[in-house]
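Quick look at entry_6.cif (mmCIF, N, CA and C atoms and all ligand atoms):
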data_work
loop_
_atom_site.label_atom_id
_atom_site.label_comp_id
_atom_site.auth_asym_id
_atom_site.auth_seq_id
_atom_site.Cartn_x
_atom_site.Cartn_y
_atom_site.Cartn_z
N MET C 1 0.84 -1.19 0.00
CA MET C 1 0.00 0.00 0.00
C MET C 1 0.88 1.24 0.00
N SER C 2 1.53 1.47 -1.16
CA SER C 2 2.41 2.65 -1.19
C SER C 2 1.69 3.83 -1.82
N ASN C 3 2.16 5.01 -1.48
CA ASN C 3 1.64 6.24 -2.03
C ASN C 3 2.31 6.49 -3.37
N PHE C 4 1.55 6.90 -4.38
CA PHE C 4 2.16 7.16 -5.68
C PHE C 4 1.36 8.20 -6.44
N VAL C 5 1.96 8.77 -7.47
CA VAL C 5 1.26 9.57 -8.47
C VAL C 5 1.59 8.96 -9.83
N TRP C 6 0.74 9.20 -10.80
CA TRP C 6 1.05 8.75 -12.15
C TRP C 6 2.07 9.70 -12.76
N CYS C 7 3.01 9.14 -13.51
CA CYS C 7 4.00 9.96 -14.20
C CYS C 7 3.26 10.97 -15.08
N HIS C 8 3.71 12.22 -15.06
CA HIS C 8 3.06 13.28 -15.81
C HIS C 8 3.58 13.42 -17.24
N GLY C 9 4.50 12.57 -17.64
CA GLY C 9 5.01 12.59 -19.01
C GLY C 9 3.88 12.30 -19.99
N PRO C 10 3.64 13.20 -20.97
CA PRO C 10 2.51 13.02 -21.87
C PRO C 10 2.62 11.77 -22.75
N SER C 11 3.82 11.23 -22.90
CA SER C 11 4.00 10.04 -23.74
C SER C 11 4.55 8.85 -22.96
N CYS C 12 4.45 8.92 -21.65
CA CYS C 12 4.98 7.83 -20.81
C CYS C 12 4.39 6.48 -21.23
N HIS C 13 3.10 6.48 -21.54
CA HIS C 13 2.40 5.24 -21.88
C HIS C 13 2.69 4.74 -23.30
N LYS C 14 3.59 5.43 -23.99
CA LYS C 14 3.92 5.01 -25.36
C LYS C 14 5.32 4.42 -25.46
N SER C 15 6.07 4.46 -24.34
CA SER C 15 7.41 3.87 -24.35
C SER C 15 7.32 2.36 -24.31
N HIS C 16 8.07 1.71 -25.17
CA HIS C 16 8.01 0.24 -25.26
C HIS C 16 8.95 -0.40 -24.26
N THR C 17 8.49 -0.51 -23.01
CA THR C 17 9.28 -1.18 -21.98
C THR C 17 8.41 -2.24 -21.31
N GLN C 18 9.05 -3.30 -20.85
CA GLN C 18 8.35 -4.42 -20.22
C GLN C 18 7.54 -3.98 -19.00
N ASP C 19 8.09 -3.02 -18.23
CA ASP C 19 7.43 -2.66 -16.97
C ASP C 19 6.18 -1.80 -17.18
N ARG C 20 5.86 -1.46 -18.41
CA ARG C 20 4.64 -0.71 -18.68
C ARG C 20 3.50 -1.62 -19.19
N ILE C 21 3.82 -2.86 -19.49
CA ILE C 21 2.82 -3.78 -20.05
C ILE C 21 1.84 -4.22 -18.96
N ARG C 22 0.55 -4.07 -19.23
CA ARG C 22 -0.50 -4.52 -18.32
C ARG C 22 -1.56 -5.26 -19.13
N GLY C 23 -2.40 -6.04 -18.46
CA GLY C 23 -3.50 -6.73 -19.11
C GLY C 23 -3.17 -8.16 -19.49
N VAL C 24 -4.17 -8.82 -20.02
CA VAL C 24 -4.02 -10.23 -20.40
C VAL C 24 -3.90 -10.34 -21.92
N LYS C 25 -3.42 -11.49 -22.37
CA LYS C 25 -3.23 -11.72 -23.80
C LYS C 25 -4.48 -11.36 -24.59
N GLY C 26 -4.29 -10.57 -25.63
CA GLY C 26 -5.43 -10.16 -26.45
C GLY C 26 -5.93 -8.77 -26.10
N SER C 27 -5.65 -8.32 -24.87
CA SER C 27 -6.06 -6.96 -24.50
C SER C 27 -4.98 -6.31 -23.63
N LYS C 28 -3.75 -6.41 -24.10
CA LYS C 28 -2.63 -5.80 -23.38
C LYS C 28 -2.51 -4.32 -23.72
N VAL C 29 -1.98 -3.56 -22.76
CA VAL C 29 -1.76 -2.13 -22.96
C VAL C 29 -0.39 -1.75 -22.40
N LEU C 30 0.11 -0.60 -22.87
CA LEU C 30 1.24 0.06 -22.23
C LEU C 30 0.64 1.12 -21.33
N ARG C 31 0.94 1.07 -20.04
CA ARG C 31 0.33 1.98 -19.07
C ARG C 31 1.36 2.97 -18.53
N THR C 32 0.89 4.20 -18.28
CA THR C 32 1.71 5.20 -17.61
C THR C 32 2.31 4.62 -16.33
N LYS C 33 3.58 4.94 -16.08
CA LYS C 33 4.25 4.40 -14.89
C LYS C 33 3.82 5.15 -13.63
N LYS C 34 3.88 4.43 -12.51
CA LYS C 34 3.65 5.05 -11.21
C LYS C 34 4.96 5.66 -10.73
N VAL C 35 4.84 6.80 -10.03
CA VAL C 35 6.01 7.39 -9.38
C VAL C 35 5.77 7.29 -7.88
N LYS C 36 6.51 6.43 -7.23
CA LYS C 36 6.37 6.21 -5.80
C LYS C 36 6.71 7.48 -5.03
N GLN C 37 5.87 7.81 -4.06
CA GLN C 37 6.12 8.98 -3.21
C GLN C 37 6.74 8.48 -1.92
N ASP C 38 8.02 8.81 -1.74
CA ASP C 38 8.69 8.39 -0.51
C ASP C 38 9.51 9.54 0.05
N LYS C 39 10.30 9.24 1.06
CA LYS C 39 11.04 10.33 1.72
C LYS C 39 12.08 10.98 0.81
N TRP C 40 12.40 10.31 -0.31
CA TRP C 40 13.43 10.85 -1.21
C TRP C 40 12.85 11.81 -2.24
N ASN C 41 11.52 11.89 -2.39
CA ASN C 41 10.96 12.83 -3.37
C ASN C 41 9.73 13.57 -2.85
N THR C 42 9.60 13.67 -1.54
CA THR C 42 8.51 14.46 -0.96
C THR C 42 9.09 15.42 0.07
N GLY C 43 8.22 16.30 0.56
CA GLY C 43 8.67 17.26 1.57
C GLY C 43 9.81 18.12 1.06
N GLN C 44 10.89 18.19 1.84
CA GLN C 44 12.03 19.02 1.45
C GLN C 44 12.78 18.45 0.24
N HIS C 45 12.50 17.21 -0.12
CA HIS C 45 13.15 16.60 -1.28
C HIS C 45 12.27 16.65 -2.52
N MET C 46 11.17 17.42 -2.48
CA MET C 46 10.28 17.57 -3.62
C MET C 46 11.08 18.05 -4.83
N SER C 47 10.88 17.38 -5.95
CA SER C 47 11.61 17.75 -7.17
C SER C 47 10.83 17.23 -8.37
N MET C 48 11.40 17.42 -9.56
CA MET C 48 10.76 16.89 -10.77
C MET C 48 10.56 15.39 -10.66
N TYR C 49 11.42 14.71 -9.91
CA TYR C 49 11.29 13.26 -9.78
C TYR C 49 10.16 12.86 -8.83
N SER C 50 9.46 13.85 -8.29
CA SER C 50 8.24 13.56 -7.53
C SER C 50 7.08 13.31 -8.48
N TYR C 51 7.20 13.77 -9.72
CA TYR C 51 6.08 13.71 -10.67
C TYR C 51 6.41 13.01 -11.98
N PHE C 52 7.68 12.72 -12.20
CA PHE C 52 8.08 12.11 -13.48
C PHE C 52 8.93 10.88 -13.22
N CYS C 53 8.72 9.84 -14.05
CA CYS C 53 9.47 8.59 -13.86
C CYS C 53 10.88 8.70 -14.41
N SER C 54 11.13 9.71 -15.27
CA SER C 54 12.45 9.80 -15.90
C SER C 54 12.70 11.22 -16.40
N GLN C 55 13.95 11.50 -16.71
CA GLN C 55 14.33 12.78 -17.33
C GLN C 55 13.62 12.95 -18.67
N GLY C 56 13.47 11.86 -19.42
CA GLY C 56 12.80 11.92 -20.72
C GLY C 56 11.35 12.34 -20.59
N CYS C 57 10.63 11.76 -19.62
CA CYS C 57 9.23 12.14 -19.41
C CYS C 57 9.13 13.60 -18.96
N TYR C 58 10.08 14.04 -18.12
CA TYR C 58 10.10 15.45 -17.70
C TYR C 58 10.32 16.36 -18.91
N ASN C 59 11.27 16.01 -19.77
CA ASN C 59 11.54 16.82 -20.96
C ASN C 59 10.32 16.86 -21.87
N ASP C 60 9.65 15.72 -22.06
CA ASP C 60 8.44 15.69 -22.89
C ASP C 60 7.38 16.64 -22.34
N PHE C 61 7.19 16.61 -21.02
CA PHE C 61 6.21 17.48 -20.38
C PHE C 61 6.60 18.96 -20.55
N ALA C 62 7.87 19.26 -20.25
CA ALA C 62 8.34 20.65 -20.33
C ALA C 62 8.22 21.19 -21.75
N ASN C 63 8.58 20.37 -22.73
CA ASN C 63 8.51 20.83 -24.12
C ASN C 63 7.06 20.96 -24.60
N THR C 64 6.17 20.12 -24.11
CA THR C 64 4.76 20.17 -24.51
C THR C 64 4.06 21.37 -23.88
N TYR C 65 4.37 21.65 -22.59
CA TYR C 65 3.61 22.67 -21.85
C TYR C 65 4.42 23.91 -21.51
N VAL C 66 5.51 24.17 -22.21
CA VAL C 66 6.39 25.28 -21.85
C VAL C 66 5.65 26.62 -21.82
N ARG C 67 4.74 26.86 -22.75
CA ARG C 67 4.03 28.15 -22.77
C ARG C 67 3.18 28.34 -21.52
N GLU C 68 2.51 27.28 -21.09
CA GLU C 68 1.67 27.39 -19.89
C GLU C 68 2.51 27.54 -18.63
N VAL C 69 3.61 26.82 -18.57
CA VAL C 69 4.49 26.92 -17.40
C VAL C 69 5.06 28.33 -17.30
N ILE C 70 5.53 28.88 -18.42
CA ILE C 70 6.10 30.22 -18.44
C ILE C 70 5.03 31.26 -18.10
N ALA C 71 3.78 31.01 -18.55
CA ALA C 71 2.70 31.96 -18.24
C ALA C 71 2.46 32.05 -16.74
N LEU C 72 2.72 30.97 -16.00
CA LEU C 72 2.55 30.99 -14.55
C LEU C 72 3.62 31.84 -13.86
N HIS C 73 4.82 31.84 -14.41
CA HIS C 73 5.93 32.57 -13.79
C HIS C 73 6.71 33.33 -14.85
N PRO C 74 6.08 34.35 -15.47
CA PRO C 74 6.77 35.07 -16.54
C PRO C 74 7.94 35.92 -16.01
N ARG C 75 9.00 36.01 -16.80
CA ARG C 75 10.14 36.88 -16.48
C ARG C 75 10.05 38.08 -17.39
N THR C 76 9.62 39.22 -16.83
CA THR C 76 9.42 40.42 -17.64
C THR C 76 10.59 41.39 -17.55
N GLU C 77 11.49 41.15 -16.62
CA GLU C 77 12.70 41.97 -16.54
C GLU C 77 13.84 41.11 -16.01
N ALA C 78 15.05 41.57 -16.30
CA ALA C 78 16.22 40.81 -15.89
C ALA C 78 16.38 40.84 -14.38
N LEU C 79 16.90 39.77 -13.82
CA LEU C 79 17.27 39.76 -12.41
C LEU C 79 18.74 40.15 -12.30
N GLU C 80 19.12 40.67 -11.15
CA GLU C 80 20.52 41.06 -10.96
C GLU C 80 21.00 40.60 -9.60
N THR C 81 22.25 40.20 -9.53
CA THR C 81 22.89 39.83 -8.28
C THR C 81 24.00 40.85 -8.00
N PRO C 82 23.93 41.60 -6.90
CA PRO C 82 24.99 42.56 -6.58
C PRO C 82 26.31 41.81 -6.34
N ILE C 83 27.38 42.33 -6.93
CA ILE C 83 28.69 41.68 -6.78
C ILE C 83 29.78 42.71 -6.56
N ASP C 84 30.90 42.23 -6.08
CA ASP C 84 32.16 42.95 -6.13
C ASP C 84 33.09 42.15 -7.03
N VAL C 85 33.85 42.88 -7.89
CA VAL C 85 34.85 42.22 -8.72
C VAL C 85 36.20 42.57 -8.12
N VAL C 86 36.91 41.56 -7.68
CA VAL C 86 38.16 41.76 -6.96
C VAL C 86 39.31 41.17 -7.77
N LYS C 87 40.35 42.01 -8.01
CA LYS C 87 41.57 41.53 -8.67
C LYS C 87 42.55 41.12 -7.57
N GLU C 88 43.07 39.93 -7.71
CA GLU C 88 44.01 39.43 -6.70
C GLU C 88 45.31 39.02 -7.38
N GLN C 89 46.42 39.43 -6.76
CA GLN C 89 47.73 39.05 -7.29
C GLN C 89 48.23 37.82 -6.56
N GLY C 90 48.75 36.91 -7.34
CA GLY C 90 49.32 35.70 -6.74
C GLY C 90 50.54 35.28 -7.52
N THR C 91 51.12 34.16 -7.14
CA THR C 91 52.25 33.61 -7.87
C THR C 91 51.99 32.14 -8.14
N ASP C 92 52.45 31.70 -9.32
CA ASP C 92 52.23 30.30 -9.67
C ASP C 92 53.34 29.43 -9.09
N TYR C 93 53.39 28.17 -9.48
CA TYR C 93 54.35 27.23 -8.88
C TYR C 93 55.80 27.53 -9.24
N LEU C 94 56.00 28.39 -10.28
CA LEU C 94 57.37 28.82 -10.61
C LEU C 94 57.63 30.23 -10.11
N ASP C 95 56.78 30.67 -9.19
CA ASP C 95 56.91 31.98 -8.55
C ASP C 95 56.73 33.14 -9.54
N ARG C 96 56.00 32.88 -10.64
CA ARG C 96 55.69 33.94 -11.59
C ARG C 96 54.39 34.61 -11.16
N PRO C 97 54.39 35.94 -11.21
CA PRO C 97 53.19 36.64 -10.75
C PRO C 97 52.03 36.49 -11.74
N TYR C 98 50.85 36.45 -11.23
CA TYR C 98 49.66 36.48 -12.07
C TYR C 98 48.56 37.23 -11.33
N ILE C 99 47.59 37.71 -12.10
CA ILE C 99 46.45 38.40 -11.50
C ILE C 99 45.19 37.60 -11.82
N SER C 100 44.43 37.30 -10.81
CA SER C 100 43.18 36.58 -11.02
C SER C 100 42.01 37.50 -10.66
N THR C 101 40.90 37.22 -11.25
CA THR C 101 39.68 38.00 -11.02
C THR C 101 38.68 37.13 -10.29
N ARG C 102 38.19 37.63 -9.17
CA ARG C 102 37.17 36.89 -8.42
C ARG C 102 35.89 37.69 -8.36
N ILE C 103 34.78 37.04 -8.54
CA ILE C 103 33.46 37.66 -8.40
C ILE C 103 32.90 37.24 -7.07
N ILE C 104 32.57 38.22 -6.24
CA ILE C 104 32.05 37.92 -4.91
C ILE C 104 30.65 38.49 -4.81
N ALA C 105 29.67 37.63 -4.48
CA ALA C 105 28.31 38.10 -4.28
C ALA C 105 28.26 38.99 -3.04
N VAL C 106 27.54 40.10 -3.15
CA VAL C 106 27.41 41.04 -2.04
C VAL C 106 26.03 40.88 -1.43
N ASP C 107 26.02 40.65 -0.15
CA ASP C 107 24.74 40.49 0.55
C ASP C 107 24.32 41.86 1.09
N ASN C 108 23.36 42.49 0.38
CA ASN C 108 22.91 43.82 0.78
C ASN C 108 21.92 43.78 1.94
N ASN C 109 21.39 42.62 2.20
CA ASN C 109 20.39 42.51 3.25
C ASN C 109 21.00 42.20 4.61
N GLY C 110 22.08 41.44 4.60
CA GLY C 110 22.66 40.99 5.85
C GLY C 110 23.64 41.98 6.45
N GLY C 111 24.06 43.03 5.72
CA GLY C 111 24.96 44.03 6.27
C GLY C 111 26.38 43.72 6.08
ZN ZN N 1 7.07 8.51 -17.36
#
Can you turn what I pasted into structure tokens?
Ligand SMILES: [Zn+2]
Amino acid sequence: MSNFVWCHGPSCHKSHTQDRIRGVKGSKVLRTKKVKQDKWNTGQHMSMYSYFCSQGCYNDFANTYVREVIALHPRTEALETPIDVVKEQGTDYLDRPYISTRIIAVDNNGG
């Protein structure tokens, strides 16, 4: 008696794999796979693998419904991350000087 959801891949039931075959001879079908809900894909571990049996089914879903998904969370302007660009001088293993560039995220909220 395990908890599960059906894979949301729109073509999951069309993949020719043994584990999708159901029914008796003469009336067999390929059935959408179950995605078991356990501690590895629920709660804080919720992810695409909570709803899809495979990366392929996730890609099929994303490609089929991309317009609707984007309509839920449209990006109408660019996001920005405040940074500092720091040049640092160092020396390599032969003691030759070099300058490296580091990007450091600046936390404007934490002070
Ligand atoms: Zn699937």
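Shortest atom-to-atom contact with ligand ZN 1 (chain N) among C:Tyr93, C:Trp40, C:Tyr98, C:Trp6: C:Trp6, counting all atoms listed in the file.
Rounded to one decimal, atom CA of Cys7 of chain C and atom CA of Ser47 of chain C lie 13.0 Å from each other.
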task = Please give me, as a PyMOL selection string, the residues lying within 7 Å of ligand ZN 1 (chain N) when counting all atoms listed in the file.
result = chain C and resi 6-13+32-33+52-54+56-58
All helix (DSSP H, G or I) residues (DSSP, backbone) inside chain C, as a PyMOL selection string = chain C and resi 12-14+18-20+43-45+48-50+55-72
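Distance cut-off 7 Å, centre (-0.6, 0.3, -24.8), atoms counted only N, CA and C atoms; the residues meeting this are C:His13, C:Lys14, C:Lys28, C:Val29, C:Leu30, C:Arg31.
For the pair atom CA of Glu77 of chain C and atom CA of Thr101 of chain C, the separation is 27.8 Å.
Atom C of Ala78 of chain C is found 29.1 Å from atom C of Ile99 of chain C.
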query = When distances are computed from all atoms listed in the file, which of C:Gln37, C:Asn108, C:Gln18, C:Gln55 shows the smallest separation from Pro82 of chain C?
reply = C:Asn108
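The residue that comes closest to Asp107 of chain C, out of C:Val5, C:Leu94, C:Val69, C:Ile83 and on the basis of all atoms listed in the file, is C:Ile83.
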